[in-house]
file coords-v7.txt (compact mmCIF, N, CA, C and O atoms)
# COMPACT_ATOMS: atom_id res chain seq x y z
N MET A 1 124.16 107.60 116.70
CA MET A 1 123.12 106.92 115.94
C MET A 1 123.43 105.42 115.95
O MET A 1 124.56 105.02 115.71
N PRO A 2 122.41 104.60 116.23
CA PRO A 2 122.64 103.15 116.27
C PRO A 2 123.18 102.58 114.96
O PRO A 2 122.83 103.05 113.88
N VAL A 3 124.02 101.58 115.08
CA VAL A 3 124.60 100.91 113.91
C VAL A 3 123.47 100.35 113.04
O VAL A 3 122.50 99.80 113.55
N GLY A 4 123.62 100.50 111.73
CA GLY A 4 122.64 99.97 110.80
C GLY A 4 121.56 100.94 110.40
O GLY A 4 120.83 100.70 109.45
N LYS A 5 121.42 102.06 111.11
CA LYS A 5 120.40 103.05 110.77
C LYS A 5 120.90 104.06 109.74
O LYS A 5 120.14 104.51 108.91
N LEU A 6 122.19 104.42 109.82
CA LEU A 6 122.75 105.47 108.97
C LEU A 6 122.87 105.01 107.52
O LEU A 6 123.39 103.93 107.25
N ILE A 7 122.39 105.85 106.60
CA ILE A 7 122.48 105.57 105.18
C ILE A 7 123.56 106.44 104.53
O ILE A 7 124.35 105.97 103.73
N LYS A 8 123.57 107.75 104.89
CA LYS A 8 124.62 108.63 104.37
C LYS A 8 124.85 109.80 105.30
O LYS A 8 123.98 110.17 106.10
N GLY A 9 126.04 110.38 105.19
CA GLY A 9 126.40 111.52 106.01
C GLY A 9 126.87 111.11 107.38
O GLY A 9 127.05 109.93 107.68
N ASN A 10 127.07 112.11 108.21
CA ASN A 10 127.48 111.91 109.59
C ASN A 10 126.75 112.96 110.43
O ASN A 10 127.37 113.88 110.96
N PRO A 11 125.42 112.85 110.50
CA PRO A 11 124.63 113.91 111.14
C PRO A 11 124.86 113.99 112.65
O PRO A 11 124.71 112.99 113.36
N GLU A 12 125.25 115.18 113.10
CA GLU A 12 125.35 115.41 114.54
C GLU A 12 123.96 115.79 115.02
O GLU A 12 123.36 116.74 114.51
N GLN A 13 123.44 115.04 115.99
CA GLN A 13 122.09 115.29 116.49
C GLN A 13 122.14 115.73 117.94
O GLN A 13 122.95 115.21 118.71
N ILE A 14 121.28 116.68 118.26
CA ILE A 14 121.19 117.19 119.63
C ILE A 14 119.73 117.09 120.06
O ILE A 14 118.85 117.62 119.38
N VAL A 15 119.47 116.41 121.16
CA VAL A 15 118.13 116.29 121.72
C VAL A 15 118.12 117.00 123.07
O VAL A 15 118.98 116.77 123.91
N ASN A 16 117.14 117.88 123.24
CA ASN A 16 116.96 118.59 124.50
C ASN A 16 115.54 118.30 124.99
O ASN A 16 114.60 119.01 124.64
N ASN A 17 115.40 117.20 125.73
CA ASN A 17 114.08 116.80 126.23
C ASN A 17 113.68 117.76 127.35
O ASN A 17 114.39 117.89 128.34
N GLN A 18 112.55 118.44 127.16
CA GLN A 18 112.09 119.43 128.14
C GLN A 18 111.18 118.82 129.20
O GLN A 18 111.07 119.35 130.29
N TYR A 19 110.48 117.74 128.82
CA TYR A 19 109.51 117.15 129.75
C TYR A 19 109.30 115.67 129.43
O TYR A 19 109.20 115.29 128.27
N SER A 20 109.20 114.88 130.48
CA SER A 20 108.79 113.48 130.38
C SER A 20 107.77 113.22 131.47
O SER A 20 107.98 113.62 132.63
N SER A 21 106.66 112.59 131.12
CA SER A 21 105.62 112.30 132.10
C SER A 21 106.09 111.25 133.09
O SER A 21 106.96 110.44 132.78
N PRO A 22 105.52 111.22 134.29
CA PRO A 22 105.90 110.21 135.28
C PRO A 22 105.71 108.78 134.78
O PRO A 22 106.46 107.89 135.16
N CYS A 23 104.73 108.55 133.89
CA CYS A 23 104.49 107.18 133.39
C CYS A 23 105.48 106.80 132.29
O CYS A 23 105.55 105.65 131.89
N GLY A 24 106.24 107.78 131.78
CA GLY A 24 107.26 107.50 130.76
C GLY A 24 106.72 107.36 129.35
O GLY A 24 107.45 106.94 128.45
N GLN A 25 105.46 107.72 129.11
CA GLN A 25 104.87 107.58 127.78
C GLN A 25 104.81 108.88 126.99
O GLN A 25 104.61 108.85 125.78
N PHE A 26 104.96 110.02 127.65
CA PHE A 26 104.80 111.32 127.00
C PHE A 26 106.08 112.13 127.16
O PHE A 26 106.59 112.24 128.29
N HIS A 27 106.59 112.67 126.05
CA HIS A 27 107.83 113.44 126.08
C HIS A 27 107.70 114.64 125.14
O HIS A 27 107.01 114.56 124.11
N SER A 28 108.40 115.73 125.47
CA SER A 28 108.44 116.87 124.55
C SER A 28 109.77 117.59 124.72
O SER A 28 110.40 117.54 125.78
N GLY A 29 110.18 118.25 123.63
CA GLY A 29 111.44 118.98 123.66
C GLY A 29 111.83 119.43 122.26
O GLY A 29 110.97 119.54 121.38
N THR A 30 113.12 119.66 122.08
CA THR A 30 113.63 120.04 120.77
C THR A 30 114.67 119.03 120.30
O THR A 30 115.33 118.38 121.10
N TRP A 31 114.77 118.92 118.99
CA TRP A 31 115.72 118.03 118.33
C TRP A 31 116.32 118.80 117.17
O TRP A 31 115.61 119.57 116.51
N GLN A 32 117.60 118.62 116.95
CA GLN A 32 118.22 119.21 115.77
C GLN A 32 119.26 118.26 115.21
O GLN A 32 119.81 117.43 115.92
N SER A 33 119.47 118.39 113.89
CA SER A 33 120.39 117.49 113.21
C SER A 33 121.02 118.19 112.03
O SER A 33 120.37 118.98 111.34
N GLY A 34 122.27 117.83 111.77
CA GLY A 34 122.94 118.25 110.55
C GLY A 34 122.55 117.31 109.42
O GLY A 34 121.82 116.33 109.62
N PRO A 35 123.04 117.59 108.22
CA PRO A 35 122.69 116.79 107.04
C PRO A 35 123.06 115.32 107.18
O PRO A 35 124.10 114.97 107.75
N GLY A 36 122.20 114.48 106.64
CA GLY A 36 122.40 113.03 106.64
C GLY A 36 121.09 112.33 106.36
O GLY A 36 120.04 112.96 106.25
N LYS A 37 121.16 111.01 106.25
CA LYS A 37 119.97 110.21 105.97
C LYS A 37 120.08 108.91 106.76
O LYS A 37 121.14 108.28 106.79
N TRP A 38 118.95 108.49 107.37
CA TRP A 38 118.96 107.28 108.17
C TRP A 38 117.58 106.63 108.14
O TRP A 38 116.58 107.26 107.79
N ASN A 39 117.56 105.34 108.48
CA ASN A 39 116.32 104.58 108.57
C ASN A 39 115.60 104.93 109.87
O ASN A 39 116.24 105.15 110.90
N VAL A 40 114.25 104.98 109.80
CA VAL A 40 113.45 105.23 110.99
C VAL A 40 112.38 104.14 111.10
O VAL A 40 111.90 103.62 110.10
N ASN A 41 112.05 103.81 112.33
CA ASN A 41 111.00 102.84 112.64
C ASN A 41 110.31 103.34 113.90
O ASN A 41 110.79 103.14 115.01
N TYR A 42 109.19 104.04 113.73
CA TYR A 42 108.52 104.70 114.84
C TYR A 42 107.67 103.72 115.66
O TYR A 42 106.78 103.08 115.12
N THR A 43 107.95 103.64 116.95
CA THR A 43 107.11 102.90 117.88
C THR A 43 106.18 103.86 118.61
O THR A 43 105.29 103.44 119.33
N GLU A 44 106.41 105.15 118.43
CA GLU A 44 105.67 106.21 119.10
C GLU A 44 104.92 107.07 118.08
O GLU A 44 105.26 107.07 116.91
N HIS A 45 103.90 107.78 118.55
CA HIS A 45 103.24 108.81 117.75
C HIS A 45 104.04 110.10 118.02
O HIS A 45 104.33 110.40 119.19
N GLU A 46 104.37 110.85 116.98
CA GLU A 46 105.16 112.06 117.18
C GLU A 46 104.58 113.23 116.40
O GLU A 46 104.40 113.16 115.19
N PHE A 47 104.28 114.32 117.13
CA PHE A 47 103.92 115.59 116.52
C PHE A 47 105.21 116.38 116.34
O PHE A 47 106.02 116.45 117.27
N CYS A 48 105.42 116.94 115.15
CA CYS A 48 106.62 117.71 114.84
C CYS A 48 106.24 119.11 114.39
O CYS A 48 105.30 119.28 113.60
N ASP A 49 106.97 120.10 114.86
CA ASP A 49 106.85 121.49 114.41
C ASP A 49 108.25 121.90 113.96
O ASP A 49 109.14 122.07 114.79
N ILE A 50 108.45 122.00 112.64
CA ILE A 50 109.78 122.32 112.10
C ILE A 50 110.07 123.80 112.30
O ILE A 50 109.31 124.66 111.84
N LEU A 51 111.16 124.10 112.99
CA LEU A 51 111.55 125.48 113.27
C LEU A 51 112.50 126.03 112.23
O LEU A 51 112.47 127.23 111.93
N GLU A 52 113.36 125.16 111.70
CA GLU A 52 114.31 125.60 110.67
C GLU A 52 114.80 124.41 109.88
O GLU A 52 114.71 123.27 110.34
N GLY A 53 115.30 124.68 108.67
CA GLY A 53 115.90 123.64 107.86
C GLY A 53 114.94 122.99 106.89
O GLY A 53 113.81 123.43 106.69
N LEU A 54 115.43 121.90 106.28
CA LEU A 54 114.68 121.18 105.26
C LEU A 54 114.97 119.69 105.40
O LEU A 54 116.14 119.28 105.48
N SER A 55 113.91 118.89 105.43
CA SER A 55 114.05 117.43 105.54
C SER A 55 113.10 116.75 104.57
O SER A 55 112.07 117.31 104.19
N ILE A 56 113.45 115.51 104.22
CA ILE A 56 112.58 114.68 103.39
C ILE A 56 112.33 113.39 104.16
O ILE A 56 113.27 112.69 104.55
N ILE A 57 111.04 113.10 104.39
CA ILE A 57 110.64 111.89 105.10
C ILE A 57 110.00 110.99 104.05
O ILE A 57 109.08 111.41 103.34
N GLN A 58 110.50 109.76 103.94
CA GLN A 58 110.01 108.84 102.90
C GLN A 58 109.60 107.53 103.55
O GLN A 58 110.34 106.97 104.36
N ASP A 59 108.39 107.04 103.17
CA ASP A 59 107.96 105.75 103.71
C ASP A 59 108.59 104.62 102.90
O ASP A 59 109.22 104.85 101.86
N LYS A 60 108.42 103.39 103.37
CA LYS A 60 109.09 102.26 102.74
C LYS A 60 108.54 101.92 101.36
O LYS A 60 109.16 101.15 100.63
N THR A 61 107.40 102.52 100.97
CA THR A 61 106.87 102.29 99.61
C THR A 61 107.28 103.38 98.64
O THR A 61 106.92 103.34 97.47
N GLY A 62 108.03 104.40 99.13
CA GLY A 62 108.55 105.45 98.25
C GLY A 62 107.80 106.76 98.28
O GLY A 62 108.23 107.73 97.64
N ASN A 63 106.69 106.85 99.01
CA ASN A 63 106.00 108.12 99.16
C ASN A 63 106.82 109.04 100.04
O ASN A 63 107.34 108.61 101.07
N SER A 64 106.94 110.33 99.64
CA SER A 64 107.78 111.23 100.43
C SER A 64 107.06 112.52 100.77
O SER A 64 106.12 112.93 100.09
N LEU A 65 107.53 113.14 101.84
CA LEU A 65 107.03 114.41 102.32
C LEU A 65 108.23 115.29 102.58
O LEU A 65 109.13 114.91 103.33
N THR A 66 108.26 116.47 101.95
CA THR A 66 109.33 117.44 102.19
C THR A 66 108.81 118.44 103.20
O THR A 66 107.71 119.00 103.02
N VAL A 67 109.56 118.66 104.28
CA VAL A 67 109.13 119.55 105.35
C VAL A 67 110.17 120.64 105.57
O VAL A 67 111.37 120.40 105.45
N ALA A 68 109.67 121.84 105.88
CA ALA A 68 110.53 123.00 106.10
C ALA A 68 109.95 123.84 107.24
O ALA A 68 108.87 123.53 107.76
N ALA A 69 110.66 124.90 107.61
CA ALA A 69 110.24 125.77 108.70
C ALA A 69 108.78 126.16 108.56
O ALA A 69 108.32 126.52 107.48
N GLY A 70 108.03 126.02 109.66
CA GLY A 70 106.61 126.35 109.68
C GLY A 70 105.71 125.15 109.50
O GLY A 70 104.52 125.21 109.80
N ASP A 71 106.25 124.03 109.01
CA ASP A 71 105.44 122.83 108.80
C ASP A 71 105.20 122.10 110.12
O ASP A 71 106.11 121.97 110.95
N LYS A 72 103.96 121.63 110.28
CA LYS A 72 103.56 120.86 111.46
C LYS A 72 102.88 119.60 110.97
O LYS A 72 102.07 119.65 110.05
N PHE A 73 103.21 118.46 111.56
CA PHE A 73 102.67 117.18 111.09
C PHE A 73 102.83 116.13 112.17
O PHE A 73 103.53 116.34 113.17
N VAL A 74 102.16 114.99 111.97
CA VAL A 74 102.25 113.86 112.89
C VAL A 74 102.80 112.66 112.14
O VAL A 74 102.37 112.36 111.03
N ILE A 75 103.74 111.97 112.76
CA ILE A 75 104.22 110.68 112.26
C ILE A 75 103.60 109.63 113.17
O ILE A 75 103.83 109.63 114.38
N PRO A 76 102.78 108.74 112.61
CA PRO A 76 102.10 107.75 113.45
C PRO A 76 103.01 106.60 113.87
O PRO A 76 103.97 106.25 113.16
N ALA A 77 102.69 106.00 115.00
CA ALA A 77 103.39 104.79 115.43
C ALA A 77 103.25 103.74 114.33
O ALA A 77 102.21 103.64 113.70
N GLY A 78 104.32 103.02 114.07
CA GLY A 78 104.33 102.01 113.03
C GLY A 78 104.94 102.49 111.72
O GLY A 78 105.21 101.67 110.84
N PHE A 79 105.19 103.81 111.60
CA PHE A 79 105.80 104.33 110.37
C PHE A 79 107.20 103.78 110.22
O PHE A 79 108.00 103.78 111.15
N GLN A 80 107.52 103.31 109.00
CA GLN A 80 108.88 102.84 108.67
C GLN A 80 109.31 103.51 107.38
O GLN A 80 108.51 103.65 106.45
N GLY A 81 110.55 103.93 107.34
CA GLY A 81 111.08 104.57 106.14
C GLY A 81 112.41 105.22 106.42
O GLY A 81 113.24 104.66 107.15
N THR A 82 112.61 106.43 105.85
CA THR A 82 113.85 107.16 106.04
C THR A 82 113.55 108.61 106.38
O THR A 82 112.51 109.15 106.03
N TRP A 83 114.49 109.23 107.09
CA TRP A 83 114.46 110.66 107.37
C TRP A 83 115.78 111.20 106.81
O TRP A 83 116.85 110.71 107.17
N GLU A 84 115.68 112.19 105.94
CA GLU A 84 116.88 112.82 105.38
C GLU A 84 116.86 114.30 105.70
O GLU A 84 115.92 115.02 105.35
N VAL A 85 117.90 114.77 106.38
CA VAL A 85 118.07 116.20 106.63
C VAL A 85 118.91 116.73 105.48
O VAL A 85 120.06 116.33 105.28
N VAL A 86 118.31 117.62 104.69
CA VAL A 86 118.98 118.23 103.55
C VAL A 86 119.74 119.48 104.01
O VAL A 86 120.86 119.73 103.58
N ASP A 87 119.11 120.27 104.87
CA ASP A 87 119.69 121.50 105.40
C ASP A 87 119.42 121.51 106.91
O ASP A 87 118.29 121.24 107.34
N GLN A 88 120.44 121.78 107.71
CA GLN A 88 120.35 121.77 109.18
C GLN A 88 118.91 121.94 109.65
O GLN A 88 118.27 122.94 109.35
N CYS A 89 118.39 120.96 110.38
CA CYS A 89 116.99 120.93 110.78
C CYS A 89 116.86 121.04 112.29
O CYS A 89 117.64 120.45 113.03
N LYS A 90 115.84 121.79 112.72
CA LYS A 90 115.50 121.88 114.14
C LYS A 90 114.00 121.77 114.26
O LYS A 90 113.26 122.38 113.47
N LYS A 91 113.53 120.97 115.23
CA LYS A 91 112.09 120.80 115.42
C LYS A 91 111.75 120.75 116.90
O LYS A 91 112.58 120.41 117.74
N ILE A 92 110.49 121.08 117.17
CA ILE A 92 109.88 120.79 118.47
C ILE A 92 109.18 119.45 118.29
O ILE A 92 108.52 119.22 117.26
N TYR A 93 109.34 118.55 119.23
CA TYR A 93 108.67 117.26 119.16
C TYR A 93 107.79 117.05 120.38
O TYR A 93 108.08 117.54 121.48
N VAL A 94 106.70 116.35 120.17
CA VAL A 94 105.82 115.89 121.24
C VAL A 94 105.55 114.42 120.91
O VAL A 94 105.02 114.10 119.85
N ILE A 95 105.96 113.55 121.83
CA ILE A 95 105.90 112.10 121.58
C ILE A 95 104.96 111.43 122.59
O ILE A 95 105.00 111.73 123.78
N PHE A 96 104.15 110.52 122.07
CA PHE A 96 103.36 109.63 122.92
C PHE A 96 103.73 108.20 122.57
O PHE A 96 103.51 107.75 121.44
N GLU A 97 104.33 107.51 123.52
CA GLU A 97 104.72 106.11 123.34
C GLU A 97 103.54 105.26 123.78
O GLU A 97 103.20 105.21 124.96
N GLN A 98 102.90 104.60 122.80
CA GLN A 98 101.68 103.85 123.08
C GLN A 98 101.93 102.68 124.03
O GLN A 98 101.15 102.43 124.93
N ASN A 99 103.02 101.97 123.82
CA ASN A 99 103.36 100.81 124.64
C ASN A 99 104.76 100.98 125.19
O ASN A 99 105.72 100.61 124.54
N PRO A 100 104.88 101.54 126.40
CA PRO A 100 106.23 101.80 126.94
C PRO A 100 107.02 100.55 127.22
O PRO A 100 106.51 99.48 127.29

call {"tool": "encode", "arguments": {"input": "coords-v7.txt", "output": "structure tokens"}}
result
Amino acid sequence: MPVGKLIKGNPEQIVNNQYSSPCGQFHSGTWQSGPGKWNVNYTEHEFCDILEGLSIIQDKTGNSLTVAAGDKFVIPAGFQGTWEVVDQCKKIYVIFEQNP
């Protein structure tokens, strides 16, 4: 995890990218992380399908969304805030990078 992003914990993250488009703007795969909390700044649009675990996503104004297995949602490009994994989390991601 890049310096300055980590807020708490020492989350071990595993990314298994299954596909990337030839233009480099579209990606999909799985991501998993142990407990921890870090700052996020999305430059991409991301569809998430939570397979297991529990996370709290909070925007910079304090609004939060708690997500668990079975939840599906989109994080829009430009989102800034924090992602906290409360219980080992695994998701399927589909990313579209608007400006590669």

call {"tool": "closest_residue", "arguments": {"input": "coords-v7.txt", "among": "A:Asn10, A:Asn63, A:Gln80, A:Gln98", "to": "A:Pro35", "atoms": "only C-alpha atoms"}}
result
A:Asn10

call {"tool": "closest_residue", "arguments": {"input": "coords-v7.txt", "among": "A:Pro76, A:Gly62, A:Gly70, A:Gly36", "to": "A:Lys8", "atoms": "only C-alpha atoms"}}
result
A:Gly36

call {"tool": "residues_around", "arguments": {"input": "coords-v7.txt", "residues": "stretch 50-58 of chain A", "least_positions_apart": "6", "cutoff": "5 Å", "atoms": "only N, CA, C and O atoms", "output": "list in words"}}
result
Ser64, Leu65, Thr66, Val67, Ala68, Ala69, Gly70, Asp71, Gln80, Gly81, Thr82, Trp83, Glu84, Val85, Val86, Asp87, Gln88, Cys89, Lys90 and Lys91 of chain A

call {"tool": "closest_residue", "arguments": {"input": "coords-v7.txt", "among": "A:Asn41, A:Thr61, A:Asn99, A:Thr30", "to": "A:Asn17", "atoms": "all atoms listed in the file"}}
result
A:Thr30

call {"tool": "atom_distance", "arguments": {"input": "coords-v7.txt", "atom1": "atom CA of A:Phe96", "atom2": "atom CA of A:Gln13"}}
result
20.6 Å

call {"tool": "atom_distance", "arguments": {"input": "coords-v7.txt", "atom1": "atom CA of A:Cys48", "atom2": "atom N of A:Ile95"}}
result
8.2 Å

call {"tool": "residues_around", "arguments": {"input": "coords-v7.txt", "residues": "stretch 18-25 of chain A", "least_positions_apart": "6", "cutoff": "12 Å", "atoms": "only C-alpha atoms", "output": "PyMOL selection string"}}
result
chain A and resi 31+43-46+92-100

call {"tool": "write_last_selection", "arguments": {"input": "coords-v7.txt", "atoms": "N, CA, C and O atoms", "output": "PDB file, in the coordinates of the input"}}
result
ATOM      1  N   TRP A  31     114.770 118.920 118.990  1.00  0.00           N
ATOM      2  CA  TRP A  31     115.720 118.030 118.330  1.00  0.00           C
ATOM      3  C   TRP A  31     116.320 118.800 117.170  1.00  0.00           C
ATOM      4  O   TRP A  31     115.610 119.570 116.510  1.00  0.00           O
ATOM      5  N   THR A  43     107.950 103.640 116.950  1.00  0.00           N
ATOM      6  CA  THR A  43     107.110 102.900 117.880  1.00  0.00           C
ATOM      7  C   THR A  43     106.180 103.860 118.610  1.00  0.00           C
ATOM      8  O   THR A  43     105.290 103.440 119.330  1.00  0.00           O
ATOM      9  N   GLU A  44     106.410 105.150 118.430  1.00  0.00           N
ATOM     10  CA  GLU A  44     105.670 106.210 119.100  1.00  0.00           C
ATOM     11  C   GLU A  44     104.920 107.070 118.080  1.00  0.00           C
ATOM     12  O   GLU A  44     105.260 107.070 116.910  1.00  0.00           O
ATOM     13  N   HIS A  45     103.900 107.780 118.550  1.00  0.00           N
ATOM     14  CA  HIS A  45     103.240 108.810 117.750  1.00  0.00           C
ATOM     15  C   HIS A  45     104.040 110.100 118.020  1.00  0.00           C
ATOM     16  O   HIS A  45     104.330 110.400 119.190  1.00  0.00           O
ATOM     17  N   GLU A  46     104.370 110.850 116.980  1.00  0.00           N
ATOM     18  CA  GLU A  46     105.160 112.060 117.180  1.00  0.00           C
ATOM     19  C   GLU A  46     104.580 113.230 116.400  1.00  0.00           C
ATOM     20  O   GLU A  46     104.400 113.160 115.190  1.00  0.00           O
ATOM     21  N   ILE A  92     110.490 121.080 117.170  1.00  0.00           N
ATOM     22  CA  ILE A  92     109.880 120.790 118.470  1.00  0.00           C
ATOM     23  C   ILE A  92     109.180 119.450 118.290  1.00  0.00           C
ATOM     24  O   ILE A  92     108.520 119.220 117.260  1.00  0.00           O
ATOM     25  N   TYR A  93     109.340 118.550 119.230  1.00  0.00           N
ATOM     26  CA  TYR A  93     108.670 117.260 119.160  1.00  0.00           C
ATOM     27  C   TYR A  93     107.790 117.050 120.380  1.00  0.00           C
ATOM     28  O   TYR A  93     108.080 117.540 121.480  1.00  0.00           O
ATOM     29  N   VAL A  94     106.700 116.350 120.170  1.00  0.00           N
ATOM     30  CA  VAL A  94     105.820 115.890 121.240  1.00  0.00           C
ATOM     31  C   VAL A  94     105.550 114.420 120.910  1.00  0.00           C
ATOM     32  O   VAL A  94     105.020 114.100 119.850  1.00  0.00           O
ATOM     33  N   ILE A  95     105.960 113.550 121.830  1.00  0.00           N
ATOM     34  CA  ILE A  95     105.900 112.100 121.580  1.00  0.00           C
ATOM     35  C   ILE A  95     104.960 111.430 122.590  1.00  0.00           C
ATOM     36  O   ILE A  95     105.000 111.730 123.780  1.00  0.00           O
ATOM     37  N   PHE A  96     104.150 110.520 122.070  1.00  0.00           N
ATOM     38  CA  PHE A  96     103.360 109.630 122.920  1.00  0.00           C
ATOM     39  C   PHE A  96     103.730 108.200 122.570  1.00  0.00           C
ATOM     40  O   PHE A  96     103.510 107.750 121.440  1.00  0.00           O
ATOM     41  N   GLU A  97     104.330 107.510 123.520  1.00  0.00           N
ATOM     42  CA  GLU A  97     104.720 106.110 123.340  1.00  0.00           C
ATOM     43  C   GLU A  97     103.540 105.260 123.780  1.00  0.00           C
ATOM     44  O   GLU A  97     103.200 105.210 124.960  1.00  0.00           O
ATOM     45  N   GLN A  98     102.900 104.600 122.800  1.00  0.00           N
ATOM     46  CA  GLN A  98     101.680 103.850 123.080  1.00  0.00           C
ATOM     47  C   GLN A  98     101.930 102.680 124.030  1.00  0.00           C
ATOM     48  O   GLN A  98     101.150 102.430 124.930  1.00  0.00           O
ATOM     49  N   ASN A  99     103.020 101.970 123.820  1.00  0.00           N
ATOM     50  CA  ASN A  99     103.360 100.810 124.640  1.00  0.00           C
ATOM     51  C   ASN A  99     104.760 100.980 125.190  1.00  0.00           C
ATOM     52  O   ASN A  99     105.720 100.610 124.540  1.00  0.00           O
ATOM     53  N   PRO A 100     104.880 101.540 126.400  1.00  0.00           N
ATOM     54  CA  PRO A 100     106.230 101.800 126.940  1.00  0.00           C
ATOM     55  C   PRO A 100     107.020 100.550 127.220  1.00  0.00           C
ATOM     56  O   PRO A 100     106.510  99.480 127.290  1.00  0.00           O
TER      57      PRO A 100
END

call {"tool": "atom_distance", "arguments": {"input": "coords-v7.txt", "atom1": "atom CA of A:Ala77", "atom2": "atom CA of A:Ser28"}}
result
16.0 Å

call {"tool": "select_by_dssp", "arguments": {"input": "coords-v7.txt", "residues": "stretch 2-99 of chain A", "states": "strand (DSSP E)", "output": "VMD selection string"}}
result
chain A and resid 6 to 9 13 to 20 26 to 33 36 to 41 44 to 59 64 to 68 72 to 75 80 to 97

call {"tool": "closest_residue", "arguments": {"input": "coords-v7.txt", "among": "A:Phe73, A:Phe79, A:Phe47, A:Gly9", "to": "A:His27", "atoms": "all atoms listed in the file"}}
result
A:Phe47

call {"tool": "closest_residue", "arguments": {"input": "coords-v7.txt", "among": "A:Lys72, A:Asn16, A:Pro11, A:Leu6", "to": "A:Trp38", "atoms": "all atoms listed in the file"}}
result
A:Leu6

call {"tool": "closest_residue", "arguments": {"input": "coords-v7.txt", "among": "A:Gly29, A:Tyr42, A:Gly4, A:Gly34", "to": "A:Ile75", "atoms": "all atoms listed in the file"}}
result
A:Tyr42
